[in-house]
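Student: Below is target31.cif; it holds mmCIF, C-alpha atoms.
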```cif
data_upload
#
loop_
_atom_site.label_atom_id
_atom_site.label_comp_id
_atom_site.auth_asym_id
_atom_site.auth_seq_id
_atom_site.Cartn_x
_atom_site.Cartn_y
_atom_site.Cartn_z
CA MET D 1 42.35 -26.98 -11.25
CA ILE D 2 44.90 -26.11 -13.93
CA ASN D 3 45.25 -22.31 -14.25
CA ARG D 4 44.80 -22.04 -18.00
CA PRO D 5 41.86 -21.71 -20.42
CA LEU D 6 39.21 -24.40 -20.10
CA ASP D 7 39.06 -26.43 -23.31
CA TYR D 8 35.99 -28.53 -22.50
CA LEU D 9 33.15 -28.23 -20.02
CA ILE D 10 31.26 -31.51 -20.34
CA ILE D 11 27.73 -31.45 -18.90
CA GLY D 12 26.01 -34.69 -17.89
CA PRO D 13 25.88 -37.36 -15.19
CA ALA D 14 29.16 -37.91 -13.39
CA HIS D 15 30.12 -39.02 -9.89
CA PRO D 16 28.27 -39.38 -7.55
CA PHE D 17 25.68 -40.57 -10.09
CA ARG D 18 25.99 -44.19 -11.12
CA GLY D 19 25.65 -46.03 -14.43
CA GLY D 20 27.19 -46.27 -17.86
CA ILE D 21 26.66 -42.62 -18.87
CA ALA D 22 28.50 -41.36 -15.80
CA GLU D 23 31.30 -43.88 -16.21
CA THR D 24 31.86 -42.90 -19.84
CA GLN D 25 31.87 -39.21 -18.87
CA HIS D 26 34.79 -40.04 -16.60
CA GLU D 27 36.50 -42.04 -19.36
CA LEU D 28 36.13 -39.23 -21.91
CA GLY D 29 37.41 -36.67 -19.44
CA LYS D 30 40.49 -38.75 -18.62
CA ALA D 31 41.21 -39.44 -22.30
CA LEU D 32 41.04 -35.73 -23.15
CA ILE D 33 43.28 -34.82 -20.21
CA ALA D 34 45.81 -37.37 -21.52
CA LEU D 35 45.77 -35.41 -24.79
CA GLY D 36 46.72 -32.27 -22.87
CA LYS D 37 43.25 -30.75 -22.70
CA ASN D 38 41.90 -28.82 -19.72
CA VAL D 39 38.58 -30.46 -18.84
CA THR D 40 35.89 -29.98 -16.23
CA LEU D 41 32.84 -32.18 -15.74
CA LEU D 42 29.64 -30.40 -14.72
CA THR D 43 27.16 -32.79 -13.15
CA PHE D 44 23.79 -32.52 -11.48
CA THR D 45 22.71 -31.49 -8.02
CA SER D 46 19.45 -33.31 -8.82
CA LEU D 47 18.83 -35.50 -11.87
CA TYR D 48 15.52 -37.39 -11.65
CA PRO D 49 12.76 -36.94 -9.06
CA ASN D 50 13.09 -39.96 -6.78
CA ARG D 51 9.44 -40.94 -7.15
CA PHE D 52 9.86 -41.27 -10.95
CA PHE D 53 13.20 -43.07 -10.88
CA PRO D 54 12.61 -46.80 -11.60
CA GLY D 55 15.75 -48.08 -9.87
CA LYS D 56 16.70 -48.38 -6.22
CA THR D 57 19.15 -45.45 -6.11
CA GLN D 58 20.65 -42.85 -8.45
CA LYS D 59 23.93 -42.59 -6.57
CA SER D 60 27.06 -44.73 -6.71
CA LYS D 61 28.94 -46.18 -3.75
CA GLN D 62 32.19 -46.17 -5.71
CA PRO D 63 34.97 -43.70 -4.78
CA GLU D 64 35.25 -40.50 -6.79
CA PRO D 65 37.49 -40.87 -9.88
CA LYS D 66 40.91 -39.31 -9.44
CA SER D 67 42.47 -36.69 -11.74
CA LEU D 68 39.09 -35.25 -12.80
CA HIS D 69 37.82 -31.79 -11.91
CA ARG D 70 34.09 -32.04 -11.24
CA ILE D 71 31.44 -29.57 -10.10
CA GLU D 72 27.86 -30.27 -9.04
CA GLU D 73 25.82 -27.41 -10.42
CA LEU D 74 22.76 -28.28 -12.55
CA HIS D 75 19.26 -29.08 -11.31
CA ALA D 76 17.77 -31.03 -14.20
CA TYR D 77 14.10 -30.14 -13.69
CA ASN D 78 13.92 -26.85 -11.76
CA PRO D 79 13.95 -23.91 -14.24
CA LEU D 80 14.30 -21.41 -11.39
CA LYS D 81 17.87 -22.66 -10.86
CA TRP D 82 19.06 -22.69 -14.46
CA ASN D 83 20.17 -19.04 -14.58
CA LYS D 84 22.58 -19.78 -11.73
CA THR D 85 24.06 -22.63 -13.79
CA ILE D 86 24.37 -20.39 -16.84
CA LYS D 87 26.27 -17.78 -14.81
CA ALA D 88 28.55 -20.48 -13.42
CA ILE D 89 29.33 -21.76 -16.92
CA ILE D 90 30.09 -18.29 -18.24
CA SER D 91 32.40 -17.62 -15.29
CA LEU D 92 34.46 -20.69 -16.24
CA GLN D 93 34.96 -19.30 -19.78
CA PRO D 94 35.09 -22.68 -21.56
CA LYS D 95 36.00 -22.80 -25.22
CA VAL D 96 33.51 -25.64 -25.75
CA VAL D 97 30.48 -26.79 -23.78
CA VAL D 98 29.51 -30.40 -24.46
CA PHE D 99 25.99 -31.55 -23.60
CA ARG D 100 25.76 -35.29 -22.94
CA TYR D 101 22.29 -36.00 -24.33
CA TYR D 102 20.53 -39.34 -23.91
CA THR D 103 16.92 -38.51 -23.04
CA PRO D 104 14.44 -35.77 -24.05
CA PHE D 105 13.87 -35.24 -20.32
CA LEU D 106 17.05 -33.14 -20.37
CA ALA D 107 16.05 -31.04 -23.39
CA PRO D 108 14.42 -28.16 -21.48
CA ALA D 109 17.44 -27.64 -19.21
CA TYR D 110 20.06 -28.23 -21.87
CA GLY D 111 18.25 -26.22 -24.54
CA THR D 112 17.71 -23.24 -22.26
CA ILE D 113 21.33 -23.22 -21.11
CA ALA D 114 22.71 -23.54 -24.63
CA LYS D 115 20.41 -20.78 -25.92
CA LYS D 116 21.61 -18.31 -23.29
CA LEU D 117 25.33 -18.96 -23.55
CA PRO D 118 27.46 -16.41 -25.46
CA LYS D 119 28.17 -17.11 -29.11
CA SER D 120 31.86 -17.17 -28.27
CA ILE D 121 31.32 -20.53 -26.55
CA LYS D 122 31.06 -23.46 -28.94
CA LYS D 123 28.04 -25.68 -28.17
CA ILE D 124 28.40 -29.38 -29.03
CA ALA D 125 26.19 -32.39 -28.26
CA LEU D 126 27.43 -35.88 -27.44
CA VAL D 127 24.36 -38.04 -28.07
CA ASP D 128 23.83 -41.58 -26.79
CA ASN D 129 20.17 -41.90 -27.83
CA TRP D 130 18.18 -39.62 -30.11
CA ILE D 131 14.95 -41.56 -30.54
CA PRO D 132 14.09 -42.95 -27.06
CA HIS D 133 13.57 -46.69 -26.62
CA GLU D 134 10.35 -45.93 -24.73
CA SER D 135 8.95 -42.98 -26.64
CA SER D 136 6.34 -40.35 -25.81
CA PHE D 137 4.35 -37.75 -27.76
CA PHE D 138 6.67 -34.87 -26.81
CA ASP D 139 10.00 -36.48 -27.76
CA THR D 140 10.26 -34.93 -31.23
CA LEU D 141 9.46 -31.43 -29.96
CA LEU D 142 11.93 -31.70 -27.10
CA ASN D 143 14.69 -33.08 -29.35
CA HIS D 144 14.14 -30.24 -31.80
CA TYR D 145 14.23 -27.58 -29.08
CA PHE D 146 17.56 -28.88 -27.81
CA GLY D 147 19.06 -29.62 -31.23
CA ALA D 148 18.25 -26.16 -32.57
CA GLN D 149 20.75 -24.67 -30.10
CA ILE D 150 23.61 -27.00 -31.06
CA GLU D 151 26.40 -26.27 -33.57
CA ALA D 152 27.47 -29.87 -34.15
CA PHE D 153 26.61 -33.37 -32.95
CA THR D 154 28.85 -36.26 -31.97
CA THR D 155 27.70 -39.81 -31.24
CA LEU D 156 28.76 -43.27 -30.13
CA SER D 157 27.23 -45.05 -33.14
CA ASP D 158 26.35 -44.68 -36.82
CA THR D 159 22.71 -45.39 -36.01
CA VAL D 160 22.28 -42.31 -33.82
CA GLY D 161 24.24 -40.14 -36.22
CA ASN D 162 22.00 -41.18 -39.10
CA GLN D 163 18.89 -40.32 -37.07
CA ILE D 164 20.20 -36.83 -36.28
CA GLU D 165 21.18 -36.14 -39.91
CA LYS D 166 17.55 -36.60 -40.92
CA VAL D 167 16.58 -33.65 -38.73
CA PHE D 168 19.48 -31.17 -38.64
CA LYS D 169 21.82 -29.83 -41.33
CA VAL D 170 24.83 -29.27 -39.09
CA PRO D 171 28.03 -31.33 -38.85
CA VAL D 172 27.60 -34.80 -37.33
CA TRP D 173 30.48 -37.04 -36.24
CA LYS D 174 29.61 -40.73 -35.95
CA GLY D 175 31.79 -42.48 -33.42
CA PHE D 176 31.83 -45.82 -31.62
CA HIS D 177 31.44 -47.05 -28.05
CA PRO D 178 34.96 -47.41 -26.60
CA ILE D 179 36.06 -50.03 -24.10
CA ALA D 180 36.46 -48.88 -20.50
CA THR D 181 39.94 -48.57 -19.03
CA ASP D 182 39.04 -48.93 -15.35
CA LEU D 183 37.61 -52.47 -15.35
CA LEU D 184 39.10 -55.23 -13.25
CA PRO D 185 41.25 -57.66 -15.30
CA PRO D 186 39.80 -60.87 -16.75
CA LEU D 187 40.09 -64.03 -14.66
CA SER D 188 40.30 -67.58 -15.92
CA LYS D 189 36.88 -69.16 -16.26
CA LYS D 190 37.84 -71.80 -13.71
CA VAL D 191 38.88 -69.26 -11.08
CA ALA D 192 35.83 -67.04 -11.65
CA ARG D 193 33.45 -69.97 -11.40
CA LYS D 194 35.07 -71.19 -8.21
CA LEU D 195 34.54 -67.75 -6.66
CA LEU D 196 30.92 -67.68 -7.84
CA GLY D 197 30.23 -71.27 -6.87
CA TRP D 198 29.34 -72.24 -10.45
CA ASP D 199 29.74 -75.76 -11.83
CA ASN D 200 32.59 -75.95 -14.39
CA SER D 201 30.70 -78.51 -16.47
CA LYS D 202 27.86 -76.11 -17.28
CA LYS D 203 27.66 -73.73 -20.23
CA VAL D 204 26.46 -70.33 -19.08
CA VAL D 205 24.74 -67.58 -21.07
CA LEU D 206 24.97 -64.15 -19.45
CA PHE D 207 22.33 -61.44 -19.79
CA PHE D 208 23.78 -58.35 -18.13
CA GLY D 209 22.68 -54.80 -17.38
CA LEU D 210 19.62 -52.79 -16.46
CA ILE D 211 16.49 -54.74 -17.38
CA ARG D 212 14.04 -52.70 -19.44
CA LYS D 213 11.26 -53.69 -21.81
CA TYR D 214 13.16 -52.87 -25.00
CA LYS D 215 15.97 -55.28 -24.09
CA GLY D 216 13.90 -58.36 -24.92
CA LEU D 217 14.85 -60.50 -21.95
CA GLU D 218 11.59 -62.41 -22.39
CA LEU D 219 12.81 -63.66 -25.79
CA LEU D 220 15.98 -65.04 -24.25
CA ILE D 221 14.05 -66.72 -21.44
CA GLN D 222 11.62 -68.27 -23.92
CA SER D 223 14.54 -69.67 -25.89
CA PHE D 224 15.51 -71.79 -22.88
CA ALA D 225 12.24 -73.70 -23.23
CA GLU D 226 13.11 -74.63 -26.83
CA PRO D 227 14.18 -78.24 -27.61
CA ALA D 228 17.64 -77.14 -28.79
CA ILE D 229 18.52 -75.97 -25.27
CA GLN D 230 16.33 -78.24 -23.18
CA GLY D 231 18.56 -81.22 -23.89
CA GLU D 232 21.81 -79.32 -23.32
CA ASN D 233 23.75 -78.50 -20.16
CA VAL D 234 23.15 -74.79 -20.83
CA PHE D 235 21.97 -72.25 -18.26
CA LEU D 236 21.01 -68.56 -18.22
CA HIS D 237 22.28 -66.10 -15.63
CA VAL D 238 20.46 -62.75 -15.55
CA ALA D 239 22.35 -60.02 -13.68
CA GLY D 240 21.06 -56.48 -13.41
CA GLU D 241 18.62 -54.16 -11.69
CA CYS D 242 15.10 -54.54 -13.04
CA TYR D 243 13.35 -51.35 -14.19
CA GLU D 244 10.16 -53.36 -14.63
CA LYS D 245 8.26 -55.72 -12.34
CA GLU D 246 10.62 -58.56 -11.42
CA LYS D 247 7.57 -60.79 -11.09
CA LYS D 248 7.00 -60.53 -14.86
CA TYR D 249 10.15 -62.52 -15.57
CA ILE D 250 9.91 -64.85 -12.57
CA ASP D 251 6.38 -65.82 -13.61
CA LEU D 252 7.50 -66.42 -17.19
CA VAL D 253 10.19 -68.84 -16.00
CA HIS D 254 7.62 -70.68 -13.86
CA SER D 255 5.08 -70.88 -16.68
CA LEU D 256 7.72 -72.41 -18.98
CA GLU D 257 8.85 -74.79 -16.21
CA ILE D 258 12.52 -73.87 -16.68
CA GLU D 259 13.32 -72.88 -13.08
CA LYS D 260 16.42 -75.10 -13.13
CA LYS D 261 17.70 -73.40 -16.28
CA VAL D 262 17.44 -69.72 -15.29
CA HIS D 263 18.91 -67.77 -12.38
CA PHE D 264 18.07 -64.15 -11.54
CA ASP D 265 20.25 -61.65 -9.67
CA PHE D 266 18.17 -58.48 -9.71
CA LYS D 267 20.66 -56.02 -8.31
CA PHE D 268 22.93 -53.34 -9.72
CA GLN D 269 26.30 -54.95 -10.38
CA ASP D 270 29.58 -53.43 -9.22
CA LYS D 271 32.96 -53.81 -10.93
CA LYS D 272 33.89 -56.92 -8.95
CA SER D 273 30.66 -58.61 -10.03
CA ILE D 274 31.31 -57.57 -13.63
CA GLN D 275 34.76 -59.15 -13.46
CA LEU D 276 33.45 -62.43 -12.04
CA LEU D 277 30.33 -62.77 -14.22
CA PHE D 278 31.95 -61.95 -17.56
CA SER D 279 35.01 -64.07 -16.78
CA ALA D 280 32.80 -67.03 -15.83
CA ALA D 281 30.33 -66.85 -18.72
CA ASP D 282 30.61 -68.66 -22.05
CA VAL D 283 28.61 -66.18 -24.13
CA VAL D 284 26.91 -62.80 -23.64
CA ALA D 285 23.38 -62.47 -25.06
CA GLN D 286 21.60 -59.28 -26.09
CA THR D 287 18.21 -60.20 -27.53
CA TYR D 288 17.09 -56.57 -27.71
CA HIS D 289 14.01 -55.34 -29.56
CA SER D 290 15.73 -52.02 -30.36
CA ALA D 291 19.11 -50.38 -29.77
CA THR D 292 21.32 -47.46 -30.76
CA GLN D 293 24.54 -48.83 -29.32
CA SER D 294 25.35 -50.89 -26.27
CA GLY D 295 27.68 -50.52 -23.33
CA ILE D 296 27.47 -54.27 -22.82
CA THR D 297 29.25 -55.05 -26.09
CA PRO D 298 32.51 -53.34 -24.98
CA LEU D 299 32.32 -55.25 -21.68
CA ALA D 300 32.09 -58.53 -23.58
CA TYR D 301 35.03 -57.45 -25.76
CA TYR D 302 37.14 -56.56 -22.74
CA TYR D 303 36.50 -59.97 -21.18
CA GLN D 304 36.81 -61.66 -24.60
CA LYS D 305 33.39 -63.28 -24.65
CA PRO D 306 31.50 -64.08 -27.86
CA LEU D 307 28.20 -62.25 -28.32
CA LEU D 308 24.79 -63.31 -29.52
CA VAL D 309 22.76 -60.23 -30.47
CA SER D 310 19.52 -59.39 -32.22
CA ASP D 311 19.86 -58.69 -35.93
CA ILE D 312 19.04 -54.98 -35.54
CA ASN D 313 20.78 -51.69 -36.27
CA GLY D 314 22.70 -50.42 -33.29
CA LEU D 315 23.75 -53.90 -32.18
CA LYS D 316 24.77 -55.91 -35.19
CA ASN D 317 27.32 -53.63 -36.90
CA PRO D 318 30.39 -54.26 -34.70
CA ILE D 319 29.49 -57.95 -34.38
CA LEU D 320 29.41 -58.38 -38.15
CA GLN D 321 32.46 -56.20 -38.82
CA ASP D 322 34.64 -57.85 -36.16
CA GLU D 323 33.19 -61.39 -36.42
CA SER D 324 32.87 -61.27 -32.63
CA GLY D 325 29.70 -63.33 -32.46
CA THR D 326 26.43 -64.01 -34.22
CA CYS D 327 23.32 -62.00 -35.11
CA VAL D 328 19.92 -63.70 -34.92
CA SER D 329 16.28 -62.93 -35.56
CA LYS D 330 14.06 -62.19 -32.58
CA LYS D 331 12.61 -65.70 -32.46
CA PRO D 332 13.17 -67.96 -29.43
CA SER D 333 13.84 -71.00 -31.63
CA GLU D 334 16.53 -69.15 -33.60
CA ILE D 335 18.07 -67.78 -30.43
CA ALA D 336 18.20 -71.27 -28.91
CA ASN D 337 19.76 -72.90 -31.98
CA ASN D 338 22.44 -70.21 -32.27
CA LEU D 339 23.26 -70.20 -28.57
CA VAL D 340 24.07 -73.90 -28.72
CA ARG D 341 26.13 -73.39 -31.86
CA ILE D 342 28.16 -70.38 -30.66
CA MET D 343 29.25 -72.29 -27.55
CA GLU D 344 30.81 -75.09 -29.56
CA PRO D 345 34.55 -74.96 -28.73
CA LYS D 346 35.85 -74.26 -32.26
CA ILE D 347 33.28 -71.53 -32.92
CA ALA D 348 33.74 -69.91 -29.51
CA SER D 349 37.52 -69.94 -30.00
CA PHE D 350 37.18 -68.33 -33.44
CA HIS D 351 35.07 -65.44 -32.10
CA GLN D 352 37.37 -64.95 -29.14
CA LYS D 353 40.36 -64.65 -31.46
CA LYS D 354 38.52 -62.07 -33.57
CA ILE D 355 37.64 -60.03 -30.47
CA ILE D 356 41.30 -59.92 -29.41
CA GLU D 357 42.24 -58.67 -32.88
CA ALA D 358 39.57 -55.94 -32.73
CA LEU D 359 40.34 -54.61 -29.25
CA PRO D 360 42.88 -51.88 -30.19
CA LYS D 361 40.48 -49.94 -32.40
CA TYR D 362 37.99 -49.41 -29.55
CA SER D 363 40.28 -47.48 -27.20
CA TRP D 364 39.24 -44.27 -25.47
CA GLU D 365 42.49 -42.74 -26.73
CA SER D 366 41.43 -43.30 -30.34
CA TYR D 367 37.92 -42.02 -29.66
CA ALA D 368 39.09 -38.87 -27.88
CA LYS D 369 41.62 -37.99 -30.61
CA ALA D 370 39.08 -38.28 -33.41
CA TRP D 371 36.34 -36.57 -31.37
CA ASP D 372 38.57 -33.64 -30.42
CA HIS D 373 39.82 -33.26 -34.01
CA PHE D 374 36.24 -33.04 -35.30
CA ILE D 375 35.19 -30.43 -32.72
CA THR D 376 38.30 -28.35 -33.34
CA LYS D 377 37.43 -28.16 -37.05
CA VAL D 378 33.75 -27.22 -36.55
#
```
Is it possible to give me this structure as structure tokens?

Tutor:
Amino acid sequence: MINRPLDYLIIGPAHPFRGGIAETQHELGKALIALGKNVTLLTFTSLYPNRFFPGKTQKSKQPEPKSLHRIEELHAYNPLKWNKTIKAIISLQPKVVVFRYYTPFLAPAYGTIAKKLPKSIKKIALVDNWIPHESSFFDTLLNHYFGAQIEAFTTLSDTVGNQIEKVFKVPVWKGFHPIATDLLPPLSKKVARKLLGWDNSKKVVLFFGLIRKYKGLELLIQSFAEPAIQGENVFLHVAGECYEKEKKYIDLVHSLEIEKKVHFDFKFQDKKSIQLLFSAADVVAQTYHSATQSGITPLAYYYQKPLLVSDINGLKNPILQDESGTCVSKKPSEIANNLVRIMEPKIASFHQKKIIEALPKYSWESYAKAWDHFITKV
């Protein structure tokens, strides 16, 4: 560890925990270090009780990121251990403590820690989601308890920033979701399909990521029973761990008699799979019911794939601004018609060109510079 004052202590999931939040913690840490900042990531000893966790595992099999100082200190749901974490934080003497907040489940731990830290330590939130996709009665109370301890909020989207501004009268910085730097490089579609065993003559729609109710996968599946797609050589590949009953989606495919059109791969996807799937696909679909921002959109940008997304706040803004795809209503017939259209060569080529033009503005370097400047001024 560098023997100088600690600029940022960033609290939230990091290695060995898996998933997009952890990966972006690593990205933010590396980007701040590149700016000359001294950064430590504080992650959890225990995050979710195993019996309540909907996935197969909370831990990653990937190697620990290099060049990052990381400590495992916080038990997310055992209050008897929080004072130990508070003492550990104070001993590090950080200038700023950043709480990565994405679920009210973390509000008791985060709020208690923030409340007991000295006033000399600046307390900032980096918020992925403010209003949960799957809400409960206590969400508002928990959000308020946590937010009342925070001096300023930062986000990865305008949507979340706007939600916070309705509740708190403190500074809010509205950012964007940057594109990861540690992904494997794009492959040609032909090479990727050969490695996957996919037919080059097919057009493939990719639905990627953890499968949860709010993501509207059923709408996308239903669209493949629509006449616009039924007569086309178009297929759907679903890749991601299912946080619901897999049978729900398998039965839907059977009931619509589209077994030959839809393929499921219900497992958590590693970086090699991401490289192959995005390189091989023609279009990435996100037919979500609700969203704040999406980590899938930057993946599609990185692999230069047009997007079809629901016409909702949290998804549509970058698509409209960058002309990187199309926004559609949450109707299977509209989804089907627009999927066929966006895969027409001229239209696909247009969106791909626009994505390439937009890539530089979504760098982690740009995000970290603006984010750090805002916090410094608070």

Student: Can I get the residues of region 2-61 of chain D within 10 Å of region 91-114 of chain D, each with the closest pair of atoms and their distance in Å to one decimal, using only C-alpha atoms, sorted chain first then ascending number, as a tab-separated table?

Tutor:
```
residue	atom	partner	partner_atom	distance
D:Pro5	CA	D:Pro94	CA	6.9
D:Leu6	CA	D:Pro94	CA	4.7
D:Asp7	CA	D:Lys95	CA	5.1
D:Tyr8	CA	D:Val96	CA	5.0
D:Leu9	CA	D:Val97	CA	4.8
D:Ile10	CA	D:Val98	CA	4.6
D:Ile11	CA	D:Phe99	CA	5.0
D:Gly12	CA	D:Arg100	CA	5.1
D:Pro13	CA	D:Arg100	CA	8.0
D:Ile21	CA	D:Arg100	CA	8.4
D:Ala22	CA	D:Arg100	CA	9.8
D:Gln25	CA	D:Arg100	CA	8.3
D:Asn38	CA	D:Pro94	CA	9.4
D:Val39	CA	D:Pro94	CA	9.0
D:Thr40	CA	D:Pro94	CA	9.1
D:Leu41	CA	D:Val98	CA	9.5
D:Leu42	CA	D:Phe99	CA	9.7
D:Leu47	CA	D:Leu106	CA	9.0
D:Tyr48	CA	D:Phe105	CA	9.1
```

Student: Would you mind reading off the distance between CA of Ser157 (chain D) and CA of Ile211 (chain D), one decimal, in Å?

Tutor: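 Taking CA of Ser157 (chain D) and CA of Ile211 (chain D), their separation equals 21.4 Å.
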
Student: Restricting the calculation to all atoms listed in the file: of D:Trp130, D:Gln222, D:Arg18, D:Thr181, which residue gets closest to Asn162 (chain D)?

Tutor: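 Closest to Asn162 (chain D), using all atoms listed in the file: D:Trp130.
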
Student: Please determine, counting only C-alpha atoms, which residue among D:Lys203, D:Lys248, D:Lys115, D:Lys213 has the shortest atom-to-atom distance to Lys261 (chain D).

Tutor: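 Comparing D:Lys203, D:Lys248, D:Lys115, D:Lys213 against Lys261 (chain D), the winner is D:Lys203.
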
Student: Which one of D:Pro345, D:Pro332, D:Pro318, D:Pro306 sits closest to Asp158 (chain D) if you count only C-alpha atoms?

Tutor: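 Distance minimum relative to Asp158 (chain D) lands on D:Pro318.
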
Student: List the residues matched by the PyMOL selection byres ((chain D and resi 335) around 10) in the displayed structure as a list in words, ordered by chain and then by residue number.

Tutor: Leu219, Leu220, Ile221, Gln222, Ser223, Phe224, Glu226, Ala228, Ile229, Ala285, Thr287, Leu308, Val309, Ser310, Thr326, Cys327, Val328, Ser329, Lys330, Lys331, Pro332, Ser333, Glu334, Ala336, Asn337, Asn338, Leu339, Val340 and Arg341 of chain D

Student: Any idea what the distance is between CA of Ile274 (chain D) and CA of Leu359 (chain D)?

Tutor: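 Interatomic distance, CA of Ile274 (chain D) to CA of Leu359 (chain D): 18.3 Å.
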
Student: Write out as a list of chain:residue names the residues lying within 8 Å of region 367-377 of chain D, counting only C-alpha atoms and excluding same-chain residues fewer than 2 positions away.

Tutor: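 What passes the distance filter is D:Leu28, D:Ala31, D:Leu32, D:Leu35, D:Ile124, D:Ala152, D:Thr154, D:Trp173, D:Gly175, D:Phe176, D:Pro178, D:Tyr362, D:Ser363, D:Trp364, D:Glu365.
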
Student: Do you have the CA of Tyr214 (chain D)-CA of Tyr77 (chain D) distance handy?

Tutor: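 According to the coordinates, CA of Tyr214 (chain D) and CA of Tyr77 (chain D) are separated by 25.4 Å.
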
Student: Counting all atoms listed in the file, what is within 10 Å of Pro132 (chain D), bar same-chain residues fewer than 3 positions away, as a count of residues only?

Tutor: 12

Student: Nearest residue to Gly240 (chain D) out of D:Glu357, D:Asp265, D:Glu64, D:Glu134, using all atoms listed in the file?

Tutor: D:Asp265

Student: For a quick check of understanding, using all atoms listed in the file, which of D:His237, D:His351, D:Lys316, D:Arg212 has the smallest distance to Gly55 (chain D)?

Tutor: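 The closest residue to Gly55 (chain D) is D:Arg212.
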
Student: Where does the PyMOL selection byres ((chain D and resi 258) around 10) land in this file, that is, which residues does it pick, as a PDB file with C-alpha atoms, in the coordinates of the input?

Tutor:
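Result file out32.pdb:
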```
ATOM      1  CA  ILE D 221      14.050 -66.720 -21.440  1.00  0.00           C
ATOM      2  CA  GLN D 222      11.620 -68.270 -23.920  1.00  0.00           C
ATOM      3  CA  PHE D 224      15.510 -71.790 -22.880  1.00  0.00           C
ATOM      4  CA  ALA D 225      12.240 -73.700 -23.230  1.00  0.00           C
ATOM      5  CA  GLN D 230      16.330 -78.240 -23.180  1.00  0.00           C
ATOM      6  CA  PHE D 235      21.970 -72.250 -18.260  1.00  0.00           C
ATOM      7  CA  LEU D 252       7.500 -66.420 -17.190  1.00  0.00           C
ATOM      8  CA  VAL D 253      10.190 -68.840 -16.000  1.00  0.00           C
ATOM      9  CA  HIS D 254       7.620 -70.680 -13.860  1.00  0.00           C
ATOM     10  CA  SER D 255       5.080 -70.880 -16.680  1.00  0.00           C
ATOM     11  CA  LEU D 256       7.720 -72.410 -18.980  1.00  0.00           C
ATOM     12  CA  GLU D 257       8.850 -74.790 -16.210  1.00  0.00           C
ATOM     13  CA  GLU D 259      13.320 -72.880 -13.080  1.00  0.00           C
ATOM     14  CA  LYS D 260      16.420 -75.100 -13.130  1.00  0.00           C
ATOM     15  CA  LYS D 261      17.700 -73.400 -16.280  1.00  0.00           C
ATOM     16  CA  VAL D 262      17.440 -69.720 -15.290  1.00  0.00           C
ATOM     17  CA  HIS D 263      18.910 -67.770 -12.380  1.00  0.00           C
TER      18      HIS D 263
END
```

Student: Which one of D:Lys194, D:Lys169, D:Gln286, D:Ile179 sits closest to Ile355 (chain D) if you count only C-alpha atoms?

Tutor: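 Smallest distance to Ile355 (chain D) is found for D:Ile179.
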
Student: Mind completing region 12-23 of chain D with N, CA and C atoms? Output as an mmCIF file, in the frame of the given file, please?

Tutor:
```cif
data_model
loop_
_atom_site.group_PDB
_atom_site.id
_atom_site.type_symbol
_atom_site.label_atom_id
_atom_site.label_comp_id
_atom_site.auth_asym_id
_atom_site.auth_seq_id
_atom_site.Cartn_x
_atom_site.Cartn_y
_atom_site.Cartn_z
ATOM 1 N N GLY D 12 26.737 -33.415 -17.886
ATOM 2 C CA GLY D 12 26.010 -34.690 -17.890
ATOM 3 C C GLY D 12 26.250 -35.423 -16.584
ATOM 4 N N PRO D 13 25.675 -36.598 -16.426
ATOM 5 C CA PRO D 13 25.880 -37.360 -15.190
ATOM 6 C C PRO D 13 27.348 -37.705 -14.994
ATOM 7 N N ALA D 14 27.817 -37.504 -13.810
ATOM 8 C CA ALA D 14 29.160 -37.910 -13.390
ATOM 9 C C ALA D 14 29.062 -38.229 -11.903
ATOM 10 N N HIS D 15 30.146 -38.710 -11.324
ATOM 11 C CA HIS D 15 30.120 -39.020 -9.890
ATOM 12 C C HIS D 15 29.504 -37.853 -9.113
ATOM 13 N N PRO D 16 28.581 -38.093 -8.173
ATOM 14 C CA PRO D 16 28.270 -39.380 -7.550
ATOM 15 C C PRO D 16 27.171 -40.191 -8.218
ATOM 16 N N PHE D 17 26.717 -39.777 -9.401
ATOM 17 C CA PHE D 17 25.680 -40.570 -10.090
ATOM 18 C C PHE D 17 26.301 -41.838 -10.653
ATOM 19 N N ARG D 18 25.508 -42.878 -10.698
ATOM 20 C CA ARG D 18 25.990 -44.190 -11.120
ATOM 21 C C ARG D 18 25.575 -44.454 -12.570
ATOM 22 N N GLY D 19 26.094 -45.556 -13.126
ATOM 23 C CA GLY D 19 25.650 -46.030 -14.430
ATOM 24 C C GLY D 19 26.627 -45.758 -15.550
ATOM 25 N N GLY D 20 26.295 -46.311 -16.714
ATOM 26 C CA GLY D 20 27.190 -46.270 -17.860
ATOM 27 C C GLY D 20 27.454 -44.871 -18.390
ATOM 28 N N ILE D 21 26.445 -43.979 -18.368
ATOM 29 C CA ILE D 21 26.660 -42.620 -18.870
ATOM 30 C C ILE D 21 27.710 -41.921 -18.009
ATOM 31 N N ALA D 22 27.542 -42.002 -16.700
ATOM 32 C CA ALA D 22 28.500 -41.360 -15.800
ATOM 33 C C ALA D 22 29.901 -41.931 -15.978
ATOM 34 N N GLU D 23 29.989 -43.247 -16.089
ATOM 35 C CA GLU D 23 31.300 -43.880 -16.210
ATOM 36 C C GLU D 23 32.000 -43.460 -17.505
#
```
